[in-house]
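Shown here: data_22.csv, CSV, C-alpha atoms and all ligand atoms.
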chain,number,residue,atom,x,y,z
Y,1,MET,CA,120.1,-75.4,-237.9
Y,2,ARG,CA,121.7,-72.6,-236.0
Y,3,LYS,CA,119.7,-69.4,-235.5
Y,4,ASN,CA,120.7,-66.0,-234.2
Y,5,LEU,CA,124.4,-66.4,-234.8
Y,6,PRO,CA,126.3,-63.8,-232.9
Y,7,PRO,CA,127.7,-61.0,-235.1
Y,8,PRO,CA,131.4,-61.5,-236.1
Y,9,PRO,CA,133.7,-60.0,-233.4
Y,10,GLU,CA,134.7,-56.5,-234.2
Y,11,PRO,CA,137.6,-54.7,-232.7
Y,12,VAL,CA,136.1,-53.2,-229.5
Y,13,ASN,CA,136.1,-49.5,-229.3
Y,14,ARG,CA,136.4,-48.6,-225.6
Y,15,ILE,CA,133.9,-46.0,-224.5
Y,16,PRO,CA,135.1,-44.1,-221.4
Y,17,PRO,CA,132.7,-42.7,-218.7
Y,18,LEU,CA,134.1,-39.3,-219.6
Y,19,ASP,CA,137.2,-38.0,-221.3
Y,20,LEU,CA,138.8,-34.9,-219.9
Y,21,ALA,CA,141.8,-35.1,-222.2
Y,22,ARG,CA,139.4,-34.8,-225.2
Y,23,GLN,CA,137.9,-31.7,-223.6
Y,24,TYR,CA,141.3,-30.1,-222.9
Y,25,ARG,CA,142.3,-30.4,-226.5
Y,26,GLN,CA,139.6,-28.0,-227.5
Y,27,ILE,CA,140.9,-25.3,-225.1
Y,28,ASP,CA,144.5,-26.2,-225.1
Y,29,ALA,CA,145.9,-23.0,-226.6
Y,30,GLU,CA,143.9,-20.6,-224.4
Y,31,ALA,CA,144.1,-22.6,-221.2
Y,32,SER,CA,147.8,-23.4,-221.5
Y,33,ALA,CA,148.6,-19.7,-222.2
Y,34,ALA,CA,146.6,-18.6,-219.2
Y,35,ALA,CA,148.2,-21.2,-216.9
Y,36,LEU,CA,151.7,-20.3,-218.1
Y,37,GLU,CA,151.1,-16.7,-217.5
Y,38,VAL,CA,150.3,-17.5,-213.8
Y,39,LEU,CA,153.3,-19.8,-213.5
Y,40,ARG,CA,155.6,-17.1,-214.9
Y,41,SER,CA,154.0,-14.3,-212.7
Y,42,GLY,CA,155.3,-15.8,-209.5
Y,43,ARG,CA,151.9,-15.0,-207.9
Y,44,TYR,CA,150.0,-18.1,-207.0
Y,45,ILE,CA,147.5,-17.2,-204.3
Y,46,GLY,CA,144.7,-14.7,-204.7
Y,47,GLY,CA,145.1,-11.7,-207.0
Y,48,ALA,CA,142.8,-10.2,-209.6
Y,49,ALA,CA,142.5,-13.6,-211.4
Y,50,VAL,CA,140.5,-15.0,-208.5
Y,51,SER,CA,138.2,-12.0,-208.1
Y,52,ASP,CA,137.7,-11.9,-211.8
Y,53,PHE,CA,136.6,-15.5,-211.8
Y,54,GLU,CA,134.3,-14.8,-208.8
Y,55,GLN,CA,132.6,-12.0,-210.6
Y,56,ALA,CA,132.2,-13.9,-213.9
Y,57,PHE,CA,130.8,-16.9,-212.0
Y,58,ALA,CA,128.3,-14.7,-210.0
Y,59,ARG,CA,127.2,-13.2,-213.3
Y,60,HIS,CA,126.7,-16.6,-214.8
Y,61,VAL,CA,124.6,-17.9,-211.8
Y,62,GLY,CA,122.8,-14.6,-211.5
Y,63,THR,CA,123.7,-13.7,-207.9
Y,64,ALA,CA,125.2,-10.5,-206.5
Y,65,HIS,CA,128.2,-12.4,-204.9
Y,66,CYS,CA,130.4,-15.3,-205.4
Y,67,VAL,CA,133.1,-16.5,-202.9
Y,68,ALA,CA,135.5,-19.1,-204.3
Y,69,CYS,CA,137.0,-21.8,-202.1
Y,70,ASN,CA,138.9,-25.0,-202.2
Y,71,SER,CA,136.2,-27.6,-202.9
Y,72,GLY,CA,132.5,-28.2,-203.1
Y,73,THR,CA,132.7,-29.9,-199.7
Y,74,ASP,CA,134.2,-26.8,-198.2
Y,75,ALA,CA,131.5,-24.6,-199.9
Y,76,LEU,CA,128.8,-26.6,-198.1
Y,77,TYR,CA,130.7,-26.6,-194.8
Y,78,LEU,CA,131.3,-22.8,-195.0
Y,79,ALA,CA,127.7,-22.2,-195.8
Y,80,LEU,CA,126.5,-24.0,-192.7
Y,81,ARG,CA,129.1,-22.2,-190.6
Y,82,ALA,CA,128.0,-18.8,-192.0
Y,83,LEU,CA,124.4,-19.6,-191.2
Y,84,ASP,CA,125.5,-20.4,-187.6
Y,85,ILE,CA,124.3,-24.0,-187.8
Y,86,GLY,CA,125.9,-26.3,-185.2
Y,87,PRO,CA,125.2,-28.6,-182.2
Y,88,GLY,CA,121.5,-29.1,-181.4
Y,89,ASP,CA,120.5,-28.2,-184.9
Y,90,GLU,CA,119.0,-30.5,-187.6
Y,91,VAL,CA,119.6,-30.3,-191.3
Y,92,ILE,CA,117.5,-32.2,-193.8
Y,93,VAL,CA,119.5,-33.9,-196.6
Y,94,PRO,CA,118.8,-36.6,-199.1
Y,95,PRO,CA,120.1,-40.1,-198.4
Y,96,PHE,CA,120.9,-40.7,-202.1
Y,97,THR,CA,123.8,-38.3,-202.8
Y,98,PHE,CA,127.6,-38.1,-202.4
Y,99,ILE,CA,128.7,-38.4,-198.7
Y,100,ALA,CA,129.8,-34.7,-198.6
Y,101,THR,CA,126.2,-33.4,-198.4
Y,102,ALA,CA,125.7,-35.1,-195.0
Y,103,GLU,CA,129.3,-35.1,-193.9
Y,104,VAL,CA,129.5,-31.3,-193.6
Y,105,VAL,CA,126.4,-31.3,-191.4
Y,106,SER,CA,128.1,-33.7,-189.0
Y,107,GLU,CA,131.3,-31.7,-189.3
Y,108,VAL,CA,129.7,-28.6,-187.9
Y,109,GLY,CA,128.2,-30.6,-185.0
Y,110,ALA,CA,124.6,-30.6,-186.3
Y,111,LYS,CA,122.5,-33.7,-187.0
Y,112,PRO,CA,121.8,-34.9,-190.6
Y,113,VAL,CA,118.1,-35.9,-191.0
Y,114,PHE,CA,117.4,-38.0,-194.1
Y,115,ALA,CA,114.3,-37.5,-196.1
Y,116,ASP,CA,113.5,-40.0,-198.9
Y,117,ILE,CA,113.8,-39.2,-202.6
Y,118,GLU,CA,111.5,-39.6,-205.6
Y,119,LEU,CA,112.6,-42.6,-207.6
Y,120,ALA,CA,111.7,-41.0,-210.9
Y,121,THR,CA,113.9,-37.9,-210.4
Y,122,PHE,CA,116.5,-39.2,-207.8
Y,123,ASN,CA,115.9,-35.9,-205.9
Y,124,LEU,CA,114.3,-35.1,-202.5
Y,125,ASP,CA,110.6,-35.8,-202.2
Y,126,LEU,CA,109.2,-32.6,-200.9
Y,127,ALA,CA,106.4,-34.3,-199.0
Y,128,GLN,CA,109.0,-36.3,-197.2
Y,129,VAL,CA,111.0,-33.2,-196.5
Y,130,GLU,CA,108.0,-31.6,-194.9
Y,131,ARG,CA,107.4,-34.6,-192.7
Y,132,ALA,CA,111.0,-34.5,-191.5
Y,133,ILE,CA,110.8,-30.9,-190.3
Y,134,THR,CA,110.9,-30.4,-186.6
Y,135,PRO,CA,111.4,-27.4,-184.3
Y,136,ARG,CA,115.2,-28.1,-184.5
Y,137,THR,CA,115.4,-28.0,-188.3
Y,138,LYS,CA,117.6,-25.1,-189.3
Y,139,ALA,CA,118.2,-25.8,-193.0
Y,140,ILE,CA,117.5,-28.1,-195.9
Y,141,ILE,CA,120.2,-29.0,-198.4
Y,142,PRO,CA,118.6,-30.0,-201.7
Y,143,VAL,CA,121.0,-31.7,-204.1
Y,144,HIS,CA,120.3,-31.2,-207.8
Y,145,LEU,CA,121.5,-34.7,-208.4
Y,146,PHE,CA,123.1,-35.8,-211.7
Y,147,GLY,CA,122.4,-32.2,-213.0
Y,148,ARG,CA,118.6,-32.4,-212.7
Y,149,PRO,CA,117.2,-29.4,-210.8
Y,150,LEU,CA,114.5,-29.7,-208.1
Y,151,ASP,CA,111.3,-27.7,-208.2
Y,152,MET,CA,112.8,-24.6,-206.6
Y,153,ALA,CA,109.6,-22.6,-206.5
Y,154,ALA,CA,107.9,-25.4,-204.4
Y,155,LEU,CA,111.0,-25.8,-202.3
Y,156,GLN,CA,111.4,-22.1,-201.6
Y,157,GLU,CA,107.8,-21.9,-200.5
Y,158,LEU,CA,108.2,-24.9,-198.2
Y,159,ALA,CA,111.4,-23.5,-196.7
Y,160,ALA,CA,109.8,-20.1,-196.2
Y,161,ALA,CA,106.6,-21.5,-194.6
Y,162,HIS,CA,108.7,-23.3,-192.0
Y,163,ASN,CA,111.3,-20.6,-191.6
Y,164,VAL,CA,114.3,-22.8,-192.4
Y,165,ALA,CA,117.3,-21.9,-194.6
Y,166,MET,CA,118.0,-23.5,-197.9
Y,167,ILE,CA,121.6,-24.3,-199.0
Y,168,GLU,CA,121.7,-25.6,-202.5
Y,169,ASP,CA,124.1,-28.4,-203.3
Y,170,CYS,CA,124.8,-27.5,-207.0
Y,171,ALA,CA,128.0,-29.7,-207.2
Y,172,GLN,CA,126.5,-31.7,-210.1
Y,173,ALA,CA,124.4,-29.0,-211.7
Y,174,THR,CA,126.5,-26.0,-212.7
Y,175,GLY,CA,124.4,-24.2,-215.3
Y,176,ALA,CA,121.1,-25.9,-214.6
Y,177,LYS,CA,118.0,-23.8,-214.5
Y,178,TRP,CA,114.6,-23.9,-212.8
Y,179,GLY,CA,112.3,-21.6,-214.7
Y,180,ASP,CA,114.7,-19.0,-216.2
Y,181,ARG,CA,117.0,-18.8,-213.2
Y,182,ARG,CA,120.1,-20.8,-212.5
Y,183,VAL,CA,120.4,-23.2,-209.6
Y,184,GLY,CA,122.5,-21.6,-206.9
Y,185,SER,CA,120.4,-18.4,-207.0
Y,186,PHE,CA,117.4,-19.8,-205.0
Y,187,GLY,CA,118.8,-20.7,-201.6
Y,188,GLN,CA,120.5,-18.4,-199.0
Y,189,VAL,CA,123.7,-20.0,-200.4
Y,190,GLY,CA,124.5,-22.0,-203.6
Y,191,CYS,CA,127.4,-24.4,-203.3
Y,192,PHE,CA,129.4,-25.5,-206.3
Y,193,SER,CA,132.2,-28.0,-206.9
Y,194,PHE,CA,134.8,-27.6,-209.6
Y,195,PHE,CA,136.1,-31.2,-209.1
Y,196,PRO,CA,137.4,-32.2,-212.6
Y,197,THR,CA,134.4,-34.4,-213.4
Y,198,LYS,CA,131.8,-31.8,-212.7
Y,199,ASN,CA,130.2,-29.8,-215.5
Y,200,LEU,CA,132.6,-26.9,-214.8
Y,201,GLY,CA,135.7,-28.7,-213.7
Y,202,ALA,CA,139.1,-27.3,-212.6
Y,203,CYS,CA,142.4,-29.1,-213.2
Y,204,GLY,CA,142.3,-30.0,-209.6
Y,205,ASP,CA,140.1,-29.1,-206.6
Y,206,GLY,CA,138.0,-26.0,-206.4
Y,207,GLY,CA,134.6,-24.8,-205.2
Y,208,ALA,CA,132.4,-21.7,-204.9
Y,209,MET,CA,129.5,-20.2,-202.9
Y,210,THR,CA,127.0,-17.9,-204.4
Y,211,THR,CA,124.6,-15.6,-202.6
Y,212,ASP,CA,122.6,-12.3,-202.9
Y,213,ASP,CA,123.3,-11.4,-199.3
Y,214,ALA,CA,126.3,-9.1,-198.9
Y,215,GLU,CA,126.6,-9.8,-195.2
Y,216,LEU,CA,126.6,-13.5,-195.7
Y,217,ALA,CA,129.2,-13.1,-198.5
Y,218,ALA,CA,131.4,-11.2,-196.2
Y,219,LYS,CA,131.1,-13.9,-193.5
Y,220,LEU,CA,131.9,-16.6,-196.0
Y,221,ARG,CA,135.0,-14.7,-197.1
Y,222,MET,CA,136.1,-14.3,-193.5
Y,223,LEU,CA,135.5,-18.0,-192.7
Y,224,ARG,CA,137.4,-19.2,-195.7
Y,225,GLU,CA,140.4,-17.2,-194.6
Y,226,HIS,CA,141.1,-18.2,-191.0
Y,227,GLY,CA,138.3,-16.1,-189.7
Y,228,GLN,CA,140.0,-12.9,-190.5
Y,229,LYS,CA,138.6,-9.7,-191.9
Y,230,GLU,CA,141.8,-7.8,-191.7
Y,231,ARG,CA,145.2,-9.6,-191.9
Y,232,TYR,CA,146.3,-11.2,-188.6
Y,233,ARG,CA,143.2,-10.3,-186.7
Y,234,HIS,CA,141.0,-13.3,-186.2
Y,235,ASP,CA,137.5,-12.9,-185.0
Y,236,VAL,CA,136.2,-16.5,-185.3
Y,237,VAL,CA,137.7,-19.9,-185.9
Y,238,GLY,CA,137.9,-20.3,-189.7
Y,239,VAL,CA,139.6,-22.5,-192.2
Y,240,ASN,CA,142.1,-22.2,-195.1
Y,241,SER,CA,140.0,-22.8,-198.2
Y,242,ARG,CA,141.2,-20.7,-201.1
Y,243,LEU,CA,140.8,-21.2,-204.8
Y,244,ASP,CA,144.3,-21.3,-206.3
Y,245,THR,CA,145.1,-18.6,-208.8
Y,246,LEU,CA,146.0,-21.3,-211.4
Y,247,GLN,CA,142.6,-22.9,-211.0
Y,248,ALA,CA,140.9,-19.5,-211.2
Y,249,VAL,CA,142.4,-18.7,-214.6
Y,250,LEU,CA,141.6,-22.2,-216.0
Y,251,LEU,CA,138.1,-22.0,-214.7
Y,252,SER,CA,137.6,-18.5,-216.3
Y,253,VAL,CA,138.6,-20.0,-219.6
Y,254,LYS,CA,136.3,-23.0,-219.2
Y,255,LEU,CA,133.3,-20.9,-217.9
Y,256,ARG,CA,133.0,-19.4,-221.4
Y,257,TYR,CA,132.4,-22.9,-222.8
Y,258,LEU,CA,130.1,-24.1,-220.0
Y,259,ASP,CA,126.8,-23.3,-221.8
Y,260,PRO,CA,127.7,-24.9,-225.1
Y,261,TRP,CA,129.1,-27.9,-223.3
Y,262,ASN,CA,125.9,-28.3,-221.4
Y,263,GLU,CA,123.9,-28.0,-224.6
Y,264,GLN,CA,126.1,-30.8,-226.1
Y,265,ARG,CA,125.3,-32.9,-223.0
Y,266,ASP,CA,121.6,-32.2,-223.5
Y,267,ARG,CA,121.8,-33.3,-227.1
Y,268,ALA,CA,123.6,-36.5,-226.0
Y,269,ALA,CA,120.8,-37.1,-223.5
Y,270,GLN,CA,118.2,-36.7,-226.2
Y,271,ARG,CA,120.0,-39.2,-228.4
Y,272,TYR,CA,120.2,-41.7,-225.6
Y,273,ARG,CA,116.4,-41.2,-225.1
Y,274,GLU,CA,115.8,-42.0,-228.8
Y,275,LEU,CA,118.2,-45.0,-228.8
Y,276,LEU,CA,117.2,-46.5,-225.5
Y,277,ALA,CA,113.4,-45.9,-225.5
Y,278,PRO,CA,112.7,-49.3,-227.2
Y,279,LEU,CA,114.6,-51.3,-224.7
Y,280,PRO,CA,112.7,-53.3,-222.1
Y,281,LYS,CA,113.2,-53.3,-218.3
Y,282,ILE,CA,115.0,-49.9,-218.1
Y,283,ALA,CA,113.7,-46.5,-217.0
Y,284,LEU,CA,115.3,-43.5,-218.6
Y,285,PRO,CA,116.0,-40.3,-216.7
Y,286,THR,CA,113.5,-37.6,-217.3
Y,287,SER,CA,114.0,-34.0,-218.1
Y,288,PRO,CA,112.1,-31.6,-215.8
Y,289,ALA,CA,109.2,-29.8,-217.3
Y,290,GLY,CA,109.9,-26.6,-215.4
Y,291,GLY,CA,113.6,-26.4,-215.8
Y,292,GLN,CA,116.7,-27.4,-217.7
Y,293,ALA,CA,118.9,-30.3,-216.6
Y,294,VAL,CA,122.6,-30.3,-217.4
Y,295,TRP,CA,123.3,-34.1,-217.3
Y,296,ASN,CA,126.3,-34.4,-215.1
Y,297,GLN,CA,125.3,-38.1,-215.3
Y,298,TYR,CA,123.0,-40.0,-217.5
Y,299,THR,CA,121.6,-42.5,-215.0
Y,300,ILE,CA,119.2,-45.2,-216.0
Y,301,ARG,CA,117.3,-47.6,-213.7
Y,302,LEU,CA,117.1,-51.3,-214.2
Y,303,VAL,CA,113.5,-51.6,-213.0
Y,304,GLU,CA,112.9,-54.1,-210.2
Y,305,ALA,CA,116.5,-55.4,-210.5
Y,306,THR,CA,118.6,-56.6,-207.6
Y,307,SER,CA,122.0,-55.0,-207.2
Y,308,GLU,CA,123.6,-58.4,-208.3
Y,309,GLN,CA,121.6,-58.2,-211.6
Y,310,ARG,CA,122.7,-54.6,-212.1
Y,311,ASP,CA,126.3,-55.4,-211.3
Y,312,ARG,CA,126.2,-58.3,-213.8
Y,313,LEU,CA,124.9,-55.9,-216.5
Y,314,ARG,CA,127.7,-53.6,-215.7
Y,315,ALA,CA,130.3,-56.3,-216.1
Y,316,ASP,CA,128.7,-57.5,-219.4
Y,317,LEU,CA,128.8,-53.9,-220.7
Y,318,GLN,CA,132.4,-53.6,-219.7
Y,319,ALA,CA,133.2,-56.8,-221.7
Y,320,GLN,CA,131.8,-55.0,-224.7
Y,321,GLY,CA,134.0,-52.0,-224.2
Y,322,VAL,CA,131.3,-49.8,-222.5
Y,323,SER,CA,132.2,-48.2,-219.2
Y,324,SER,CA,129.4,-47.5,-216.7
Y,325,ALA,CA,129.3,-46.5,-213.0
Y,326,VAL,CA,127.2,-46.9,-210.0
Y,327,TYR,CA,126.4,-43.7,-208.3
Y,328,TYR,CA,125.7,-44.6,-205.5
Y,329,PRO,CA,125.8,-48.2,-204.3
Y,330,LEU,CA,124.9,-47.6,-200.6
Y,331,PRO,CA,122.5,-44.9,-199.3
Y,332,LEU,CA,123.9,-42.5,-196.7
Y,333,HIS,CA,121.6,-43.7,-193.9
Y,334,LEU,CA,123.0,-47.2,-194.3
Y,335,GLN,CA,126.7,-46.2,-194.4
Y,336,PRO,CA,128.8,-47.4,-191.5
Y,337,VAL,CA,129.5,-43.9,-190.4
Y,338,TYR,CA,125.8,-43.1,-189.9
Y,339,GLN,CA,124.8,-46.3,-188.0
Y,340,ASN,CA,124.5,-44.1,-184.9
Y,341,LEU,CA,121.6,-42.3,-186.4
Y,342,ASN,CA,119.5,-45.5,-186.3
Y,343,TYR,CA,117.8,-45.6,-189.7
Y,344,PRO,CA,117.0,-49.3,-190.3
Y,345,ALA,CA,117.2,-50.9,-193.7
Y,346,GLY,CA,113.8,-50.3,-195.4
Y,347,SER,CA,113.3,-47.0,-193.7
Y,348,LEU,CA,114.0,-44.9,-196.9
Y,349,PRO,CA,112.8,-47.3,-199.5
Y,350,ALA,CA,113.1,-45.1,-202.7
Y,351,ALA,CA,116.7,-44.3,-201.9
Y,352,GLU,CA,117.5,-48.0,-201.2
Y,353,ARG,CA,115.8,-49.1,-204.4
Y,354,ALA,CA,117.7,-46.5,-206.4
Y,355,CYS,CA,121.0,-47.8,-205.0
Y,356,GLN,CA,120.1,-51.3,-206.4
Y,357,GLU,CA,118.9,-50.2,-209.8
Y,358,VAL,CA,121.0,-47.3,-211.0
Y,359,LEU,CA,123.6,-47.4,-213.7
Y,360,SER,CA,125.3,-44.3,-215.1
Y,361,LEU,CA,126.2,-44.5,-218.8
Y,362,PRO,CA,129.0,-42.6,-220.5
Y,363,MET,CA,128.1,-38.9,-220.6
Y,364,PHE,CA,130.3,-35.9,-221.5
Y,365,PRO,CA,130.0,-33.1,-224.0
Y,366,GLU,CA,132.3,-34.6,-226.6
Y,367,LEU,CA,130.6,-38.0,-226.6
Y,368,GLN,CA,130.0,-39.0,-230.2
Y,369,PRO,CA,126.7,-40.3,-231.7
Y,370,GLU,CA,128.5,-43.4,-232.9
Y,371,GLU,CA,129.7,-44.0,-229.4
Y,372,GLN,CA,126.2,-43.7,-228.1
Y,373,GLU,CA,125.0,-46.2,-230.7
Y,374,GLN,CA,127.6,-48.6,-229.4
Y,375,VAL,CA,126.4,-48.1,-225.9
Y,376,ALA,CA,122.8,-48.8,-227.1
Y,377,TYR,CA,123.8,-51.9,-229.0
Y,378,ALA,CA,125.7,-53.3,-226.1
Y,379,LEU,CA,122.8,-52.6,-223.7
Y,380,LYS,CA,120.3,-54.2,-226.0
Y,381,ASP,CA,122.6,-57.2,-226.3
Y,382,CYS,CA,123.2,-57.5,-222.5
Y,383,LEU,CA,119.6,-57.0,-221.3
Y,401,LIG,C1,131.2,-33.6,-205.9
Y,401,LIG,C2,130.2,-33.4,-204.9
Y,401,LIG,C3,130.4,-32.7,-203.7
Y,401,LIG,C4,131.7,-32.3,-203.2
Y,401,LIG,O1,132.5,-31.6,-204.0
Y,401,LIG,P1,134.1,-31.7,-203.9
Y,401,LIG,O2,134.6,-30.5,-204.7
Y,401,LIG,O3,134.6,-33.0,-204.4
Y,401,LIG,O4,134.5,-31.5,-202.5
Y,401,LIG,C5,129.3,-32.4,-202.9
Y,401,LIG,N1,128.0,-32.8,-203.2
Y,401,LIG,C6,127.8,-33.5,-204.4
Y,401,LIG,C7,126.4,-33.9,-204.7
Y,401,LIG,C8,128.9,-33.8,-205.2
Y,401,LIG,O5,128.6,-34.5,-206.3

How would this structure read if it were set down as structure tokens?
Amino acid sequence: MRKNLPPPPEPVNRIPPLDLARQYRQIDAEASAAALEVLRSGRYIGGAAVSDFEQAFARHVGTAHCVACNSGTDALYLALRALDIGPGDEVIVPPFTFIATAEVVSEVGAKPVFADIELATFNLDLAQVERAITPRTKAIIPVHLFGRPLDMAALQELAAAHNVAMIEDCAQATGAKWGDRRVGSFGQVGCFSFFPTKNLGACGDGGAMTTDDAELAAKLRMLREHGQKERYRHDVVGVNSRLDTLQAVLLSVKLRYLDPWNEQRDRAAQRYRELLAPLPKIALPTSPAGGQAVWNQYTIRLVEATSEQRDRLRADLQAQGVSSAVYYPLPLHLQPVYQNLNYPAGSLPAAERACQEVLSLPMFPELQPEEQEQVAYALKDCL
């Protein structure tokens, strides 16, 4: 007798990792009108639209200043430059993040020093950060990975005790809070990305830096515009890193939806927790007790899995129409580009384990409960 017959094949509904077209449909009228106005104005660089966005974004984050730029990577680079970090200096970064966090440290001529993460949160382990501090340490770059904030009270205390600067990498955490304050308002500089897949995404590249320090804001402005304070007078070597007027107006429209969108993400995360809690062998992402995550990714761990097992699960899910992604398959200290830093395999075990075990499930504000159910059924079936 045959038992456990598979269910009859149903037409597979494909669930994307995210769906920006679905999001655009909600704001189509407003966003298209704002974009057309810019296109018809003939004014494409700078202008009031950019400063209006900077002011609105500073207000949202809760800082006195915001300086917009061309990308999250540039924001981090400019923050390091504005803090005069360069050759001979060390900057502590996590090994489990997007390459940009460390890349910018190398770009200014300083040395990235990797401190291991906590597996449960995917964020820097503060005890490891403290151990990595040396007399050459100039700054720490905490990354609020996947939208989950670090304990900023503890980190501020640590940075102050050792007299090192803190530059927050908020690329994946726009809108997240620690206590009742937004991320990006704790460090000397908060750095944001408006890459389309981030919580506040432009229709192209964009970024911003937030700070309470007027002098630092002026320096960031100067650096982003060829090192000039007044036109055609260049005091330092800067870069060209502007936020386009077109992106600024689109971001101003989307900023009004950021909080409700983040709440929708939070509801989706709660639904995943209910649906997936009964499943064996997986660890679900936790919400911080002292803050509010904004779930740029919903990343589960396949506990004790090898990367081959995780990749097989990913392929099986794909066969059932469920997209998933691996952020990140290789930690930064084991990347070819950082072999010169001599971190052997096994030296940062939590980050290395995370790279083997993680799988990010579909997550975006418009994700429907039925879609999440399909994800859960597929996962249960594949595990
Ligand atoms: C996206 C991202 C960046 C870089 O942002 P871009 O706008 O793509 O340059 C930096 N850090 C982290 C953690 C990111 O996810």

Which residue of Y:Asp180, Y:Pro280, Y:Val108, Y:Pro331 approaches Val237 (chain Y) most closely, using only C-alpha atoms: Y:Val108

Taking all atoms listed in the file into account, which residues have an atom no farther than 8 Å from ligand LIG 401 (chain Y)? I'd like them as a CSV table (one decimal) with C-alpha atoms, keeping the file's coordinate frame.
chain,number,residue,atom,x,y,z
Y,70,ASN,CA,138.9,-25.0,-202.2
Y,71,SER,CA,136.2,-27.6,-202.9
Y,72,GLY,CA,132.5,-28.2,-203.1
Y,73,THR,CA,132.7,-29.9,-199.7
Y,74,ASP,CA,134.2,-26.8,-198.2
Y,75,ALA,CA,131.5,-24.6,-199.9
Y,76,LEU,CA,128.8,-26.6,-198.1
Y,97,THR,CA,123.8,-38.3,-202.8
Y,98,PHE,CA,127.6,-38.1,-202.4
Y,99,ILE,CA,128.7,-38.4,-198.7
Y,100,ALA,CA,129.8,-34.7,-198.6
Y,101,THR,CA,126.2,-33.4,-198.4
Y,143,VAL,CA,121.0,-31.7,-204.1
Y,144,HIS,CA,120.3,-31.2,-207.8
Y,145,LEU,CA,121.5,-34.7,-208.4
Y,146,PHE,CA,123.1,-35.8,-211.7
Y,169,ASP,CA,124.1,-28.4,-203.3
Y,170,CYS,CA,124.8,-27.5,-207.0
Y,171,ALA,CA,128.0,-29.7,-207.2
Y,172,GLN,CA,126.5,-31.7,-210.1
Y,192,PHE,CA,129.4,-25.5,-206.3
Y,193,SER,CA,132.2,-28.0,-206.9
Y,194,PHE,CA,134.8,-27.6,-209.6
Y,195,PHE,CA,136.1,-31.2,-209.1
Y,198,LYS,CA,131.8,-31.8,-212.7
Y,205,ASP,CA,140.1,-29.1,-206.6
Y,206,GLY,CA,138.0,-26.0,-206.4
Y,207,GLY,CA,134.6,-24.8,-205.2

Shell around Tyr298 (chain Y) at 6 Å using only C-alpha atoms, local window under 2 positions removed, as JSON, numbers by chain: {"Y": [295, 360, 361]}

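Closest approach to Leu284 (chain Y) from the set Y:Phe364, Y:Phe122, Y:Trp178, Y:Trp261 is made by Y:Phe122, with distances taken over all atoms listed in the file.
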
Residue with smallest distance to Gly47 (chain Y) - pool Y:Ala268, Y:Ala34, Y:Leu246, Y:Leu216, counting all atoms listed in the file: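 Nearest to Gly47 (chain Y): Y:Leu246.
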
Expected residue set, 10 Å radius at (134.4, -23.5, -221.0), only C-alpha atoms, as number ranges by chain: Y: 23-24, 26-27, 31, 199-201, 250-262

Residues near Glu366 (chain Y), cut-off 8 Å, all atoms listed in the file, skip fewer than 5 positions along chain, as JSON, numbers by chain: {"Y": [19, 22, 23, 264]}

Selection above as a file: C-alpha atoms, as a compact mmCIF listing (two decimals), in the coordinates of the input:
# COMPACT_ATOMS: atom_id res chain seq x y z
CA ASP Y 19 137.20 -38.00 -221.30
CA ARG Y 22 139.40 -34.80 -225.20
CA GLN Y 23 137.90 -31.70 -223.60
CA GLN Y 264 126.10 -30.80 -226.10

Within 12 Å of file point (150.8, -18.3, -213.1), counting all atoms listed in the file, expressed as a VMD selection string: chain Y and resid 31 to 50 244 to 250

Atomic distance CA of Cys382 (chain Y) - CA of Ala319 (chain Y), expressed in Å with one decimal: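 Atom-to-atom, CA of Cys382 (chain Y) and CA of Ala319 (chain Y) are spaced 10.1 Å apart.
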
Contacts of region 116-120 of chain Y within 8 Å, all atoms listed in the file, excl. fewer than 2 positions in-chain, as a list of chain:residue names: Y:Pro94, Y:Pro95, Y:Phe96, Y:Phe114, Y:Phe122, Y:Asn123, Y:Leu124, Y:Asp125, Y:Gln128, Y:Val129, Y:Pro285, Y:Thr286, Y:Leu348, Y:Pro349, Y:Ala350, Y:Ala351, Y:Arg353, Y:Ala354
